[in-house]
Each structure stands twice: as structure tokens, then as C-alpha cells.
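Remarks on the structure that follows.
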Amino acid sequence: MKIVLLGAPGAGKGTQAKLICDSFNIPHISTGDMFRSQIKENTLLGIQAKEYIQSGRLVPDTITMSMIKEILNQEKYSDGFLLDGFPRNLYQAKQLELLLGENKECLDKAFLIDVPENIIFDRIAGRRFCNKCGASYHVKFNPSKAGDKCEVCGEALIQRDDDLERIVLDRLKIYNKTVQPVVGYYKDHSILETIQGNAGTDEIFYNICSCLAELYSIHPA
Ligand SMILES: [Zn+2]
């Protein structure tokens, strides 16, 4: 099974990716992990990517595509994979199709976990953390019993830097601008499956499973 998982930051993509890969026993390809491991191993691509990441710029498509190509050529991904965080734009989506086409392969499904923008904003902007003991809260969905302090250790709760409202909004805007064409592309190819993301983790996973079961006549392990 060769699938792509799309969804805005805060849509719960990471949680679902893990559930799908564990249940159906397919390898998870996360571009975030991919960059981290290449940087850690100090590969040429890793060194190039590091320069961009450290200065807060987007890694150019040519570097990302080279990494994806290297990964997809590995034997362990020949039977299937779940791509998480990729493709990020239309160019990458088209390049991925060409790359798979070289081996006479194609994607089976692209899942979009669709969550309204205002809900994502609430989810991310409401997160609070305790720097001392690591506890995490949400002002609306999982508030601390001690108000703006940690209910475990009493430390004042903080927002993580990347959870600040302005950054959340910027990330959503960039996401919408670059990923919407990818969504349209997969829709045109009739492989897009939109999953209503304004639901619990179990319900979202159930809906993804139903679709995969229909596609492959299989069920989660
Ligand atoms: Zn604490």
C-alpha cells in the first residue's frame, strides 16, 4: 500500500500516521525524521538541508526530492509506505508521480485529514506546557486544575515558541497556499479521500481503516 497523508499542522496527522503504520505494518516516511537523520549522519544532502533549516528557510525542492528518491529506492519501501509531510507542494507531487512511474508504480490513496482552520487554530494556540515537569495542557480541552500553573508541580505554564498565535496563523496560511494545489491534484487523479478531521482520534482512524479495508480487502492487525 502506497499512501500519502495530508493535513494542516495541528490536524492530528502524526497520530494517525503512527496508528496506520502500526496497524497495517507499513513503513512510515516522515520528511521531518528524514531531514533529522540525514543531518545527524552528516550526509551531503543533510549538510545542505541543515543550512536552510538553521536559518529558518524552507528546504528547496531539489534537496527534498533527492532525499525522497534515495529513500524510495530502498528495498524496505518497495512493498509500500506512508508518506507523512510530503508532498508539500504541487511540484513535489508531480515529481513523486514521475519517480514512482519509473518503477511502474503509483500512489494508491491520498488521505486528507480535513479540519476547519479556526478549530486548528484553537487546538494549537490553546496548548500550554510546564517547563519543569513536562506536563502538557490545553486551555479549553485539557485545562490545568491549577489555572495558569502546572497542577503537578505548580510551575507557571508557558506556550511553546512555535505555538504562539502569530506563528500558528502564518503556518496555516503557508500550508493552505502550497498544499491546496496538491489536494486538487490528487482529486483530479481520483485518489483523494477526504476524512472529516473534526472528530476524535478513534473515529478518524476508523474512517481511514474503512477506506483502506475497501481498497485492499484487508483489516488492521
Ligand atoms: Zn509541572
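As shown in the C-alpha cells, the chain order sets the letters A, B, ...; within each chain, residues go from 1, and ligands are also counted from 1 in the order they appear.
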**Request:** With a distance cut-off of 6 Å and only C-alpha atoms, select the neighbouring residues of His138 in chain A, excluding the residue or stretch itself and same-chain residues fewer than 3 positions from it, and output the selection as number ranges by chain.
**Result:** A: 126-128, 141-143
Ligand 1: which residues are within 8 Å, counting only C-alpha atoms and all ligand atoms, as a compact mmCIF listing (two decimals) with C-alpha atoms, in the first residue's frame?
```txt
# COMPACT_ATOMS: atom_id res chain seq x y z
CA PHE A 129 3.37 23.36 28.73
CA CYS A 130 5.19 23.01 32.00
CA ASN A 131 8.88 23.57 31.55
CA LYS A 132 9.72 21.94 34.84
CA CYS A 133 7.97 18.55 34.75
CA GLY A 134 6.96 18.33 31.08
CA ALA A 135 3.19 18.15 31.66
CA LYS A 149 0.06 26.99 36.87
CA CYS A 150 1.02 23.32 36.47
CA GLU A 151 -1.28 21.12 38.56
CA VAL A 152 1.55 18.62 39.11
CA CYS A 153 4.39 20.85 40.24
CA GLY A 154 2.98 24.40 40.47
CA GLU A 155 5.28 25.91 37.85
CA ALA A 156 3.83 28.72 35.69
CA LEU A 157 2.64 27.30 32.33
```
**Request:** For range 100-113 of chain A, list every protein, DNA or RNA residue within 10 Å, evaluated using only C-alpha atoms, and leave out those in the same chain fewer than 5 positions away; present the list as a VMD selection string.
**Result:** chain A and resid 1 to 8 11 to 13 16 69 72 to 73 78 80 to 83 95 182 to 183 186 to 187 189 to 198 204 208 211 to 212 215 to 216
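Of the residues in range 59-98 of chain A, those given strand (DSSP E) by DSSP on the backbone are Phe81, Leu82, Leu83 and Asp84 of chain A.
Ranking A:Gly10, A:Leu19, A:Leu44, A:Glu51 by their shortest atom-to-atom distance to Ala125 in chain A, with only C-alpha atoms included, puts A:Gly10 first.
Note that CA of Asp202 in chain A and CA of Lys18 in chain A are 12.6 Å apart.
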**Asked** Which residues in range 25-151 of chain A does DSSP call helix (DSSP H, G or I)? List them as a PyMOL selection string.
**Response** chain A and resi 31-40+44-54+61-72+75-77+90-102+117-125
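Each of A:Asp61, A:Glu70, A:Glu41, A:Glu117 was checked against Leu99 in chain A using only C-alpha atoms; the smallest atom-to-atom distance is that of A:Glu70.
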